[in-house]
>>> print(open('start-v7.txt').read())   # compact mmCIF, C-alpha atoms and all ligand atoms
# COMPACT_ATOMS: atom_id res chain seq x y z
CA MET A 214 3.33 -18.53 -25.62
CA ASP A 215 3.78 -21.10 -22.86
CA ALA A 216 2.81 -18.93 -19.95
CA GLY A 217 2.77 -21.59 -17.25
CA PRO A 218 0.35 -21.52 -14.37
CA LEU A 219 -1.51 -18.33 -13.59
CA VAL A 220 -0.65 -17.00 -10.17
CA ALA A 221 -3.71 -15.38 -8.66
CA ASP A 222 -2.59 -15.06 -5.07
CA PRO A 223 0.87 -14.35 -3.67
CA HIS A 224 0.40 -17.16 -1.18
CA ASP A 225 0.61 -19.67 -4.01
CA LEU A 226 4.34 -18.88 -4.29
CA GLU A 227 7.11 -18.20 -1.80
CA LEU A 228 7.48 -14.46 -1.26
CA ALA A 229 11.06 -14.52 -2.59
CA ASP A 230 9.79 -16.07 -5.83
CA VAL A 231 7.01 -13.51 -6.15
CA LEU A 232 9.52 -10.70 -5.65
CA ALA A 233 11.88 -12.26 -8.21
CA LEU A 234 9.02 -12.48 -10.70
CA LEU A 235 8.08 -8.86 -10.03
CA ARG A 236 11.69 -7.71 -10.43
CA THR A 237 12.68 -9.71 -13.49
CA GLY A 238 9.51 -10.96 -15.21
CA ARG A 239 8.63 -9.73 -18.68
CA ILE A 240 5.95 -7.05 -18.48
CA GLU A 241 3.27 -6.88 -21.15
CA VAL A 242 0.75 -4.09 -20.92
CA GLU A 243 -2.80 -5.45 -21.23
CA GLY A 244 -4.67 -2.22 -20.69
CA ARG A 245 -5.17 0.92 -18.75
CA LEU A 246 -6.86 0.10 -15.48
CA VAL A 247 -8.97 3.13 -14.74
CA ASP A 248 -9.61 6.60 -16.03
CA ALA A 249 -7.24 8.16 -13.53
CA SER A 250 -4.99 11.20 -13.53
CA ASN A 251 -1.94 8.98 -13.26
CA ALA A 252 -1.16 6.15 -15.68
CA THR A 253 -2.18 2.90 -14.00
CA LEU A 254 -1.59 -0.09 -16.24
CA PHE A 255 -2.84 -3.64 -15.88
CA CYS A 256 -0.12 -5.99 -17.13
CA SER A 257 0.86 -9.60 -17.40
CA LEU A 258 4.17 -10.61 -15.92
CA THR A 259 5.94 -13.68 -17.26
CA GLY A 260 8.91 -15.34 -15.64
CA ASP A 261 10.46 -18.74 -15.45
CA GLY A 262 7.40 -20.94 -16.00
CA VAL A 263 5.11 -18.64 -14.06
CA GLN A 264 2.79 -15.88 -15.00
CA ALA A 265 1.02 -13.35 -12.83
CA ALA A 266 -1.01 -10.24 -13.32
CA CYS A 267 0.35 -6.97 -12.00
CA VAL A 268 -0.21 -3.25 -11.81
CA TYR A 269 2.50 -1.08 -13.37
CA LYS A 270 2.57 2.63 -12.64
CA PRO A 271 5.38 4.31 -14.59
CA VAL A 272 6.93 7.36 -12.92
CA ALA A 273 6.66 9.10 -16.32
CA GLY A 274 2.86 8.88 -16.02
CA GLU A 275 2.74 10.64 -12.65
CA ARG A 276 1.04 14.00 -12.56
CA PRO A 277 2.96 16.41 -10.33
CA LEU A 278 1.20 17.05 -6.99
CA TRP A 279 1.86 20.29 -5.10
CA ASP A 280 1.77 18.54 -1.72
CA PHE A 281 4.11 15.71 -2.76
CA PRO A 282 6.91 17.63 -4.50
CA ASP A 283 9.76 15.25 -3.61
CA GLY A 284 10.52 11.77 -4.83
CA THR A 285 7.97 9.78 -6.78
CA LEU A 286 4.53 8.36 -6.09
CA ALA A 287 5.94 4.98 -7.17
CA GLY A 288 8.60 5.24 -4.45
CA ARG A 289 5.87 5.96 -1.89
CA GLU A 290 3.99 2.84 -3.00
CA VAL A 291 7.14 0.76 -2.53
CA SER A 292 7.72 2.40 0.86
CA ALA A 293 4.20 1.38 1.93
CA TYR A 294 5.03 -2.19 0.99
CA LEU A 295 8.26 -2.04 3.00
CA VAL A 296 6.36 -0.87 6.09
CA SER A 297 3.73 -3.59 5.60
CA GLU A 298 6.50 -6.21 5.51
CA ALA A 299 8.41 -4.72 8.44
CA LEU A 300 5.22 -4.91 10.50
CA GLY A 301 4.70 -8.50 9.34
CA TRP A 302 1.09 -7.65 8.49
CA GLU A 303 1.24 -8.29 4.72
CA VAL A 304 -1.40 -5.66 4.07
CA VAL A 305 0.17 -4.50 0.79
CA PRO A 306 0.62 -6.86 -2.17
CA PRO A 307 4.32 -7.38 -3.01
CA THR A 308 5.56 -4.21 -4.72
CA VAL A 309 8.89 -3.33 -6.36
CA LEU A 310 10.46 -0.44 -8.25
CA ARG A 311 11.87 -1.48 -11.62
CA ASP A 312 12.25 -0.65 -15.25
CA GLY A 313 9.26 -1.32 -17.49
CA PRO A 314 7.90 -0.58 -20.99
CA PHE A 315 7.44 3.11 -20.09
CA GLY A 316 10.50 3.41 -17.89
CA THR A 317 10.97 3.08 -14.14
CA GLY A 318 7.82 2.49 -12.19
CA MET A 319 6.21 0.55 -9.42
CA VAL A 320 5.15 -2.99 -10.18
CA GLN A 321 2.70 -4.62 -7.80
CA LEU A 322 1.27 -8.10 -7.79
CA TRP A 323 -2.39 -8.18 -8.74
CA VAL A 324 -4.47 -9.90 -6.08
CA ASP A 325 -7.89 -11.33 -6.87
CA GLY A 326 -10.29 -9.91 -4.33
CA ASP A 327 -13.61 -11.46 -3.38
CA PRO A 328 -16.21 -9.82 -5.67
CA GLU A 329 -19.00 -10.90 -3.30
CA VAL A 330 -17.87 -8.55 -0.53
CA ASP A 331 -19.89 -5.35 -0.34
CA LEU A 332 -17.31 -2.59 0.21
CA THR A 333 -19.89 -0.15 1.59
CA ARG A 334 -20.59 -2.63 4.40
CA LEU A 335 -16.98 -3.73 4.75
CA ILE A 336 -15.67 -0.26 5.58
CA ARG A 337 -18.08 -0.04 8.53
CA ALA A 338 -17.27 -3.48 9.94
CA ASP A 339 -15.36 -4.00 13.17
CA LEU A 340 -12.86 -6.50 11.75
CA ALA A 341 -9.30 -7.13 12.90
CA PRO A 342 -7.75 -6.85 9.40
CA LEU A 343 -9.42 -3.47 8.88
CA ARG A 344 -8.32 -2.29 12.28
CA ARG A 345 -4.73 -3.23 11.42
CA MET A 346 -5.16 -1.35 8.13
CA ALA A 347 -6.24 1.73 10.09
CA VAL A 348 -3.03 1.51 12.16
CA PHE A 349 -0.94 0.90 9.05
CA ASP A 350 -2.47 4.02 7.46
CA ALA A 351 -1.64 6.03 10.57
CA VAL A 352 1.99 4.88 10.34
CA ILE A 353 2.34 5.68 6.63
CA ASN A 354 0.15 8.81 6.87
CA ASN A 355 -2.08 7.64 4.06
CA ALA A 356 -4.00 10.50 2.45
CA ASP A 357 -6.25 8.30 0.32
CA ARG A 358 -7.73 5.24 2.03
CA LYS A 359 -10.96 4.92 0.05
CA GLY A 360 -13.19 1.86 0.04
CA GLY A 361 -11.93 1.01 -3.44
CA HIS A 362 -8.38 0.89 -2.12
CA LEU A 363 -9.31 -2.09 0.04
CA ILE A 364 -9.17 -5.53 -1.57
CA PRO A 365 -10.98 -8.11 0.58
CA MET A 366 -9.72 -11.60 -0.14
CA PRO A 367 -11.82 -14.78 -0.16
CA ASP A 368 -10.02 -16.01 3.00
CA GLY A 369 -10.87 -12.92 5.02
CA ARG A 370 -7.57 -11.09 4.69
CA VAL A 371 -7.72 -7.54 3.35
CA TYR A 372 -5.10 -5.92 1.14
CA GLY A 373 -4.63 -2.21 0.66
CA VAL A 374 -3.57 -0.61 -2.62
CA ASP A 375 -2.80 2.83 -4.07
CA HIS A 376 -0.38 4.28 -1.51
CA GLY A 377 1.13 6.95 -3.79
CA VAL A 378 0.01 9.82 -1.57
CA SER A 379 1.46 8.56 1.71
CA PHE A 380 4.42 9.57 3.91
CA ALA A 381 3.94 13.33 3.67
CA ALA A 382 5.82 15.08 6.47
CA GLU A 383 2.61 16.96 7.45
CA ASP A 384 -0.34 15.03 8.91
CA LYS A 385 -2.64 14.10 6.06
CA LEU A 386 -4.39 10.98 7.26
CA ARG A 387 -7.51 10.70 5.12
CA THR A 388 -9.46 7.48 5.39
CA VAL A 389 -12.84 5.80 5.55
CA LEU A 390 -11.60 3.74 8.52
CA TRP A 391 -12.22 6.04 11.49
CA ARG A 392 -14.42 3.72 13.56
CA TRP A 393 -11.62 3.05 16.09
CA ALA A 394 -10.55 6.72 16.43
CA GLY A 395 -9.46 7.47 20.00
CA LYS A 396 -9.78 3.82 21.09
CA SER A 397 -6.88 2.01 22.75
CA LEU A 398 -4.73 0.02 20.36
CA PRO A 399 -5.00 -3.76 20.79
CA ALA A 400 -2.13 -5.15 22.92
CA THR A 401 -0.80 -7.26 20.02
CA THR A 402 -0.70 -4.15 17.83
CA VAL A 403 1.26 -2.24 20.47
CA GLU A 404 3.72 -5.13 20.63
CA THR A 405 4.14 -5.13 16.85
CA LEU A 406 4.63 -1.37 16.74
CA ARG A 407 7.21 -1.58 19.56
CA GLY A 408 9.11 -4.17 17.59
CA LEU A 409 9.08 -1.96 14.53
CA ARG A 410 10.22 1.03 16.58
CA THR A 411 13.15 -0.97 18.00
CA ASP A 412 14.26 -2.07 14.55
CA PHE A 413 13.45 1.19 12.81
CA ALA A 414 16.94 2.67 12.62
CA THR A 415 18.62 -0.56 11.57
CA CYS A 416 16.07 -2.07 9.20
CA LEU A 417 13.33 0.15 7.93
CA ALA A 418 14.82 3.65 7.87
CA PRO A 419 17.64 2.83 5.39
CA GLN A 420 15.15 1.12 3.08
CA LEU A 421 12.70 4.02 3.21
CA ALA A 422 15.53 6.51 2.67
CA GLU A 423 15.92 5.13 -0.85
CA HIS A 424 12.46 6.48 -1.73
CA LEU A 425 11.58 9.24 0.73
CA THR A 426 13.22 12.43 1.98
CA ARG A 427 15.18 12.33 5.25
CA ARG A 428 12.49 14.42 6.85
CA GLU A 429 9.74 12.06 5.70
CA VAL A 430 11.65 9.09 7.16
CA ARG A 431 12.23 10.94 10.44
CA VAL A 432 8.57 11.95 10.67
CA THR A 433 7.52 8.34 10.03
CA ARG A 434 9.51 7.38 13.15
CA MET A 435 7.84 10.25 15.02
CA ARG A 436 4.39 9.01 13.98
CA LEU A 437 5.34 5.60 15.38
CA ASP A 438 6.46 7.25 18.63
CA ARG A 439 3.22 9.21 18.79
CA LEU A 440 1.11 6.07 18.30
CA LEU A 441 3.06 4.25 21.00
CA GLY A 442 3.01 7.29 23.29
CA SER A 443 -0.78 7.67 23.12
CA GLY A 444 -1.50 3.96 22.84
CA CYS A 445 -4.59 4.96 20.85
CA HIS A 446 -5.84 5.10 17.29
CA PRO A 447 -5.45 8.67 15.99
CA GLU A 448 -8.42 11.02 15.70
CA PRO A 449 -9.15 13.39 12.81
CA SER A 450 -7.09 16.56 13.24
CA GLY A 451 -9.74 18.89 11.90
CA GLU A 452 -7.23 20.63 9.65
CA TRP A 453 -7.57 18.37 6.67
CA PRO A 454 -10.65 16.65 5.21
CA ALA A 455 -10.63 13.42 7.19
CA VAL A 456 -12.52 11.29 4.67
CA PRO A 457 -11.51 10.92 1.01
CA TRP A 458 -13.98 12.12 -1.59
CA PRO A 459 -15.42 10.21 -3.28
CA PRO A 460 -15.15 7.57 -0.55
CA PHE A 461 -15.00 4.70 -3.12
N1 LIG B 501 -2.46 -4.96 -6.73
C1 LIG B 501 -3.76 -4.90 -7.00
N2 LIG B 501 -4.51 -6.02 -6.96
C2 LIG B 501 -5.85 -5.97 -7.24
N3 LIG B 501 -6.50 -4.86 -7.57
C3 LIG B 501 -5.81 -3.71 -7.64
C4 LIG B 501 -4.41 -3.66 -7.36
N4 LIG B 501 -3.98 -2.39 -7.51
C5 LIG B 501 -5.07 -1.68 -7.86
N5 LIG B 501 -6.16 -2.46 -7.95
C6 LIG B 501 -7.53 -2.05 -8.35
O1 LIG B 501 -7.44 -1.07 -9.35
C7 LIG B 501 -8.00 0.15 -8.92
C8 LIG B 501 -7.13 1.30 -9.45
O2 LIG B 501 -5.83 1.18 -8.92
P1 LIG B 501 -5.19 2.37 -8.08
O3 LIG B 501 -3.90 1.88 -7.52
O4 LIG B 501 -6.21 2.89 -7.13
O5 LIG B 501 -4.90 3.38 -9.25
P2 LIG B 501 -4.97 4.97 -9.32
O6 LIG B 501 -3.67 5.46 -8.76
O7 LIG B 501 -5.10 5.24 -10.76
O8 LIG B 501 -6.17 5.41 -8.50
C9 LIG B 501 -8.01 0.05 -7.40
O9 LIG B 501 -9.01 0.85 -6.83
C10 LIG B 501 -8.27 -1.43 -7.18
O10 LIG B 501 -9.64 -1.73 -7.31
MG MG B 502 -6.93 4.81 -6.74
>>> encode(input="start-v7.txt", output="structure tokens")
Amino acid sequence: MDAGPLVADPHDLELADVLALLRTGRIEVEGRLVDASNATLFCSLTGDGVQAACVYKPVAGERPLWDFPDGTLAGREVSAYLVSEALGWEVVPPTVLRDGPFGTGMVQLWVDGDPEVDLTRLIRADLAPLRRMAVFDAVINNADRKGGHLIPMPDGRVYGVDHGVSFAAEDKLRTVLWRWAGKSLPATTVETLRGLRTDFATCLAPQLAEHLTRREVRVTRMRLDRLLGSGCHPEPSGEWPAVPWPPF
């Protein structure tokens, strides 16, 4: 098989080309990624002279969750990507919903993290990319930001993965990134969130509505309003375990 060059980082290709590869590339399952309750498959993706690695999570492999009865976990992962792009923060690797060997699922570009980074230290560091991730998680209401769901890149950027349990209508923020709780949001972050709020109805809401319930979309807008209203990072509510277990 002439696979062409291996694409290890989305920045090696234009985003439109990465998305085209994710949408139309040929998926070959290489193996199951982890011993998880949901099927998470590591795959190769081959397109027009390019090959990349990806994660494929078929909807058929999703275990029903009592607190996420509507839609699919795959749709929530795609929604997280849409928010990441709308913010312009690129904190989620390019992610699409498409047909695959086990039916419709989410397909996400595999990104090669820096294996030298110690995640136990990383999650305690006061770094701008992590702080943005904390705000991103507050917007999407991420219920599972563990250390292992952070992928630090060799150039200092940090990606987040595994956003299947996000966008619940009830507050469920569960994360290892609480170090900025209650602190004022950086001015640039406020500006970015304001921009997103202005464009919400025209740009983001219709896209999210393809994957989430109307209530979940509306509550996402309300979370944005709440962040902008307080101007601060959220604090643990006390009603829900604030840190995922295990934390990695
Ligand atoms: N797009 C990705 N790029 C690089 N590593 C990834 C990617 N997606 C997942 N991983 C790695 O695989 C692990 C399992 O994937 P995850 O999405 O957490 O699956 P699960 O839903 O089964 O927990 C993650 O903790 C992360 O280390
Ligand atoms: Mg996981």
>>> closest_residue(input="start-v7.txt", among="A:Leu390, A:Ser257, A:Val247, A:Gly262", to="Thr333 (chain A)", atoms="all atoms listed in the file")
A:Leu390
>>> closest_residue(input="start-v7.txt", among="A:Asp331, A:Asp325, A:Glu448, A:Glu290", to="ligand MG 502 (chain B)", atoms="only C-alpha atoms and all ligand atoms")
A:Glu290
>>> closest_residue(input="start-v7.txt", among="A:Thr388, A:Thr317, A:Thr415, A:Asn251", to="Pro454 (chain A)", atoms="all atoms listed in the file")
A:Thr388
>>> residues_near_point(input="start-v7.txt", point="(-18.2, 0.8, 4.7)", cutoff="12 Å", atoms="all atoms listed in the file", output="VMD selection string")
chain A and resid 330 to 340 343 358 to 363 388 to 392 456 460 to 461
>>> closest_residue(input="start-v7.txt", among="A:Glu298, A:Asp280, A:Pro399, A:Arg345", to="Glu383 (chain A)", atoms="all atoms listed in the file")
A:Asp280
>>> residues_around(input="start-v7.txt", residues="Ser292 (chain A)", least_positions_apart="3", cutoff="6 Å", atoms="only C-alpha atoms", output="list in words")
Arg289, Leu295 and Leu421 of chain A
>>> residues_around(input="start-v7.txt", residues="Glu303 (chain A)", least_positions_apart="4", cutoff="10 Å", atoms="all atoms listed in the file", output="list in words")
Tyr294, Leu295, Val296, Ser297, Glu298, Ala299, Pro307, Arg370, Val371, Tyr372 and Gly373 of chain A
>>> residues_around(input="start-v7.txt", residues="Phe315 (chain A)", least_positions_apart="2", cutoff="8 Å", atoms="all atoms listed in the file", output="VMD selection string")
chain A and resid 271 273 312 to 313 317 to 318
>>> atom_distance(input="start-v7.txt", atom1="CA of Leu310 (chain A)", atom2="CA of Gly260 (chain A)")
16.7 Å
>>> residues_near_ligand(input="start-v7.txt", ligand="ligand LIG 501 (chain B)", cutoff="7 Å", atoms="all atoms listed in the file", output="list in words")
Leu246, Val247, Ala249, Ser250, Asn251, Ala252, Thr253, Cys267, Val268, Pro306, Gln321, Leu322, Trp323, Val324, Asp325, Gly326, Gly361, His362, Ile364, Val374 and Asp375 of chain A
>>> closest_residue(input="start-v7.txt", among="A:Val231, A:Cys416, A:Leu441, A:Leu254", to="Val272 (chain A)", atoms="all atoms listed in the file")
A:Leu254
>>> closest_residue(input="start-v7.txt", among="A:Pro277, A:Ala455, A:Tyr269, A:Leu437", to="Phe349 (chain A)", atoms="all atoms listed in the file")
A:Leu437
>>> residues_near_point(input="start-v7.txt", point="(-10.0, 11.8, 16.5)", cutoff="12 Å", atoms="all atoms listed in the file", output="short mmCIF file (atom, residue, chain, number, x, y, z; two decimals) with C-alpha atoms, in the frame of the given file")
data_model
loop_
_atom_site.label_atom_id
_atom_site.label_comp_id
_atom_site.auth_asym_id
_atom_site.auth_seq_id
_atom_site.Cartn_x
_atom_site.Cartn_y
_atom_site.Cartn_z
CA ALA A 351 -1.64 6.03 10.57
CA LEU A 386 -4.39 10.98 7.26
CA ARG A 387 -7.51 10.70 5.12
CA THR A 388 -9.46 7.48 5.39
CA LEU A 390 -11.60 3.74 8.52
CA TRP A 391 -12.22 6.04 11.49
CA ARG A 392 -14.42 3.72 13.56
CA TRP A 393 -11.62 3.05 16.09
CA ALA A 394 -10.55 6.72 16.43
CA GLY A 395 -9.46 7.47 20.00
CA LYS A 396 -9.78 3.82 21.09
CA CYS A 445 -4.59 4.96 20.85
CA HIS A 446 -5.84 5.10 17.29
CA PRO A 447 -5.45 8.67 15.99
CA GLU A 448 -8.42 11.02 15.70
CA PRO A 449 -9.15 13.39 12.81
CA SER A 450 -7.09 16.56 13.24
CA GLY A 451 -9.74 18.89 11.90
CA GLU A 452 -7.23 20.63 9.65
CA ALA A 455 -10.63 13.42 7.19
#
>>> decode(input="start-v7.txt", residues="region 334-453 of chain A", atoms="C-alpha atoms", output="PDB file, in the first residue's frame")
ATOM      1  CA  ARG A 334       3.129  18.091  37.270  1.00  0.00           C
ATOM      2  CA  LEU A 335       1.421  19.534  34.212  1.00  0.00           C
ATOM      3  CA  ILE A 336      -2.038  19.594  35.781  1.00  0.00           C
ATOM      4  CA  ARG A 337      -0.714  21.744  38.643  1.00  0.00           C
ATOM      5  CA  ALA A 338       1.119  24.225  36.426  1.00  0.00           C
ATOM      6  CA  ASP A 339      -0.015  27.815  35.937  1.00  0.00           C
ATOM      7  CA  LEU A 340       0.163  27.764  32.134  1.00  0.00           C
ATOM      8  CA  ALA A 341      -1.909  29.803  29.693  1.00  0.00           C
ATOM      9  CA  PRO A 342      -2.964  26.800  27.541  1.00  0.00           C
ATOM     10  CA  LEU A 343      -4.223  24.965  30.629  1.00  0.00           C
ATOM     11  CA  ARG A 344      -6.038  28.034  31.829  1.00  0.00           C
ATOM     12  CA  ARG A 345      -7.779  28.299  28.447  1.00  0.00           C
ATOM     13  CA  MET A 346      -8.639  24.600  28.747  1.00  0.00           C
ATOM     14  CA  ALA A 347     -10.243  25.297  32.128  1.00  0.00           C
ATOM     15  CA  VAL A 348     -12.424  27.990  30.517  1.00  0.00           C
ATOM     16  CA  PHE A 349     -13.226  25.731  27.573  1.00  0.00           C
ATOM     17  CA  ASP A 350     -14.330  23.015  30.014  1.00  0.00           C
ATOM     18  CA  ALA A 351     -16.549  25.513  31.818  1.00  0.00           C
ATOM     19  CA  VAL A 352     -18.204  26.431  28.507  1.00  0.00           C
ATOM     20  CA  ILE A 353     -18.797  22.822  27.438  1.00  0.00           C
ATOM     21  CA  ASN A 354     -19.564  21.660  31.003  1.00  0.00           C
ATOM     22  CA  ASN A 355     -17.009  18.884  30.806  1.00  0.00           C
ATOM     23  CA  ALA A 356     -17.657  16.134  33.345  1.00  0.00           C
ATOM     24  CA  ASP A 357     -14.386  14.288  32.758  1.00  0.00           C
ATOM     25  CA  ARG A 358     -11.257  16.447  32.472  1.00  0.00           C
ATOM     26  CA  LYS A 359      -8.682  13.981  33.796  1.00  0.00           C
ATOM     27  CA  GLY A 360      -4.940  14.362  33.411  1.00  0.00           C
ATOM     28  CA  GLY A 361      -4.977  11.640  30.758  1.00  0.00           C
ATOM     29  CA  HIS A 362      -7.413  13.693  28.710  1.00  0.00           C
ATOM     30  CA  LEU A 363      -4.757  16.364  28.250  1.00  0.00           C
ATOM     31  CA  ILE A 364      -2.267  15.883  25.420  1.00  0.00           C
ATOM     32  CA  PRO A 365       0.716  18.238  25.822  1.00  0.00           C
ATOM     33  CA  MET A 366       2.415  18.857  22.496  1.00  0.00           C
ATOM     34  CA  PRO A 367       6.164  19.287  21.949  1.00  0.00           C
ATOM     35  CA  ASP A 368       5.616  22.987  21.062  1.00  0.00           C
ATOM     36  CA  GLY A 369       3.844  23.785  24.320  1.00  0.00           C
ATOM     37  CA  ARG A 370       0.269  23.672  23.069  1.00  0.00           C
ATOM     38  CA  VAL A 371      -2.114  21.370  24.916  1.00  0.00           C
ATOM     39  CA  TYR A 372      -4.948  19.418  23.329  1.00  0.00           C
ATOM     40  CA  GLY A 373      -7.926  18.006  25.164  1.00  0.00           C
ATOM     41  CA  VAL A 374      -9.614  14.717  24.258  1.00  0.00           C
ATOM     42  CA  ASP A 375     -12.537  12.549  25.363  1.00  0.00           C
ATOM     43  CA  HIS A 376     -15.407  15.043  25.523  1.00  0.00           C
ATOM     44  CA  GLY A 377     -18.240  12.480  25.335  1.00  0.00           C
ATOM     45  CA  VAL A 378     -19.675  13.476  28.708  1.00  0.00           C
ATOM     46  CA  SER A 379     -19.965  17.208  28.097  1.00  0.00           C
ATOM     47  CA  PHE A 380     -22.866  19.620  27.469  1.00  0.00           C
ATOM     48  CA  ALA A 381     -25.240  18.207  30.081  1.00  0.00           C
ATOM     49  CA  ALA A 382     -27.973  20.723  30.884  1.00  0.00           C
ATOM     50  CA  GLU A 383     -27.183  20.386  34.625  1.00  0.00           C
ATOM     51  CA  ASP A 384     -23.849  21.655  35.978  1.00  0.00           C
ATOM     52  CA  LYS A 385     -21.415  18.757  35.965  1.00  0.00           C
ATOM     53  CA  LEU A 386     -18.026  20.392  35.646  1.00  0.00           C
ATOM     54  CA  ARG A 387     -15.541  17.794  36.856  1.00  0.00           C
ATOM     55  CA  THR A 388     -11.893  18.544  36.278  1.00  0.00           C
ATOM     56  CA  VAL A 389      -8.360  18.431  37.619  1.00  0.00           C
ATOM     57  CA  LEU A 390      -7.910  22.070  36.531  1.00  0.00           C
ATOM     58  CA  TRP A 391      -9.324  24.036  39.467  1.00  0.00           C
ATOM     59  CA  ARG A 392      -6.266  26.150  40.280  1.00  0.00           C
ATOM     60  CA  TRP A 393      -7.859  29.319  38.831  1.00  0.00           C
ATOM     61  CA  ALA A 394     -11.270  28.804  40.513  1.00  0.00           C
ATOM     62  CA  GLY A 395     -12.785  32.157  41.510  1.00  0.00           C
ATOM     63  CA  LYS A 396      -9.991  34.158  39.830  1.00  0.00           C
ATOM     64  CA  SER A 397     -10.777  36.862  37.286  1.00  0.00           C
ATOM     65  CA  LEU A 398     -10.681  35.686  33.691  1.00  0.00           C
ATOM     66  CA  PRO A 399      -7.786  37.124  31.666  1.00  0.00           C
ATOM     67  CA  ALA A 400      -8.882  40.139  29.570  1.00  0.00           C
ATOM     68  CA  THR A 401      -8.098  38.344  26.292  1.00  0.00           C
ATOM     69  CA  THR A 402     -10.283  35.429  27.385  1.00  0.00           C
ATOM     70  CA  VAL A 403     -13.180  37.771  28.178  1.00  0.00           C
ATOM     71  CA  GLU A 404     -12.788  39.292  24.721  1.00  0.00           C
ATOM     72  CA  THR A 405     -12.841  35.863  23.070  1.00  0.00           C
ATOM     73  CA  LEU A 406     -15.896  34.780  25.055  1.00  0.00           C
ATOM     74  CA  ARG A 407     -17.690  38.038  24.157  1.00  0.00           C
ATOM     75  CA  GLY A 408     -17.006  37.379  20.504  1.00  0.00           C
ATOM     76  CA  LEU A 409     -18.394  33.881  20.815  1.00  0.00           C
ATOM     77  CA  ARG A 410     -21.463  35.171  22.639  1.00  0.00           C
ATOM     78  CA  THR A 411     -22.123  37.718  19.876  1.00  0.00           C
ATOM     79  CA  ASP A 412     -21.888  35.065  17.176  1.00  0.00           C
ATOM     80  CA  PHE A 413     -23.576  32.325  19.163  1.00  0.00           C
ATOM     81  CA  ALA A 414     -27.040  32.491  17.610  1.00  0.00           C
ATOM     82  CA  THR A 415     -25.797  32.817  14.044  1.00  0.00           C
ATOM     83  CA  CYS A 416     -22.800  30.491  14.005  1.00  0.00           C
ATOM     84  CA  LEU A 417     -22.442  28.057  16.839  1.00  0.00           C
ATOM     85  CA  ALA A 418     -25.993  27.313  17.985  1.00  0.00           C
ATOM     86  CA  PRO A 419     -27.185  25.870  14.639  1.00  0.00           C
ATOM     87  CA  GLN A 420     -24.101  23.657  14.450  1.00  0.00           C
ATOM     88  CA  LEU A 421     -24.518  22.406  18.014  1.00  0.00           C
ATOM     89  CA  ALA A 422     -28.228  21.804  17.430  1.00  0.00           C
ATOM     90  CA  GLU A 423     -27.281  19.006  15.024  1.00  0.00           C
ATOM     91  CA  HIS A 424     -25.820  17.037  17.953  1.00  0.00           C
ATOM     92  CA  LEU A 425     -27.365  18.337  21.182  1.00  0.00           C
ATOM     93  CA  THR A 426     -30.870  18.937  22.495  1.00  0.00           C
ATOM     94  CA  ARG A 427     -32.352  22.445  22.243  1.00  0.00           C
ATOM     95  CA  ARG A 428     -32.108  22.744  25.992  1.00  0.00           C
ATOM     96  CA  GLU A 429     -28.441  21.745  25.997  1.00  0.00           C
ATOM     97  CA  VAL A 430     -27.699  24.386  23.337  1.00  0.00           C
ATOM     98  CA  ARG A 431     -29.637  27.029  25.275  1.00  0.00           C
ATOM     99  CA  VAL A 432     -27.862  26.148  28.517  1.00  0.00           C
ATOM    100  CA  THR A 433     -24.488  26.366  26.751  1.00  0.00           C
ATOM    101  CA  ARG A 434     -25.357  29.981  25.890  1.00  0.00           C
ATOM    102  CA  MET A 435     -26.393  30.532  29.517  1.00  0.00           C
ATOM    103  CA  ARG A 436     -23.062  29.153  30.752  1.00  0.00           C
ATOM    104  CA  LEU A 437     -21.336  31.658  28.451  1.00  0.00           C
ATOM    105  CA  ASP A 438     -23.500  34.453  29.880  1.00  0.00           C
ATOM    106  CA  ARG A 439     -22.696  33.322  33.401  1.00  0.00           C
ATOM    107  CA  LEU A 440     -18.939  33.308  32.718  1.00  0.00           C
ATOM    108  CA  LEU A 441     -19.139  36.781  31.192  1.00  0.00           C
ATOM    109  CA  GLY A 442     -21.440  38.018  33.961  1.00  0.00           C
ATOM    110  CA  SER A 443     -19.099  36.918  36.757  1.00  0.00           C
ATOM    111  CA  GLY A 444     -15.897  37.573  34.821  1.00  0.00           C
ATOM    112  CA  CYS A 445     -14.374  34.748  36.870  1.00  0.00           C
ATOM    113  CA  HIS A 446     -13.397  31.112  36.552  1.00  0.00           C
ATOM    114  CA  PRO A 447     -16.159  28.961  38.057  1.00  0.00           C
ATOM    115  CA  GLU A 448     -15.797  27.359  41.480  1.00  0.00           C
ATOM    116  CA  PRO A 449     -16.834  23.816  42.431  1.00  0.00           C
ATOM    117  CA  SER A 450     -20.570  23.756  43.152  1.00  0.00           C
ATOM    118  CA  GLY A 451     -20.348  21.248  45.974  1.00  0.00           C
ATOM    119  CA  GLU A 452     -23.196  19.205  44.526  1.00  0.00           C
ATOM    120  CA  TRP A 453     -21.143  17.008  42.272  1.00  0.00           C
TER     121      TRP A 453
END
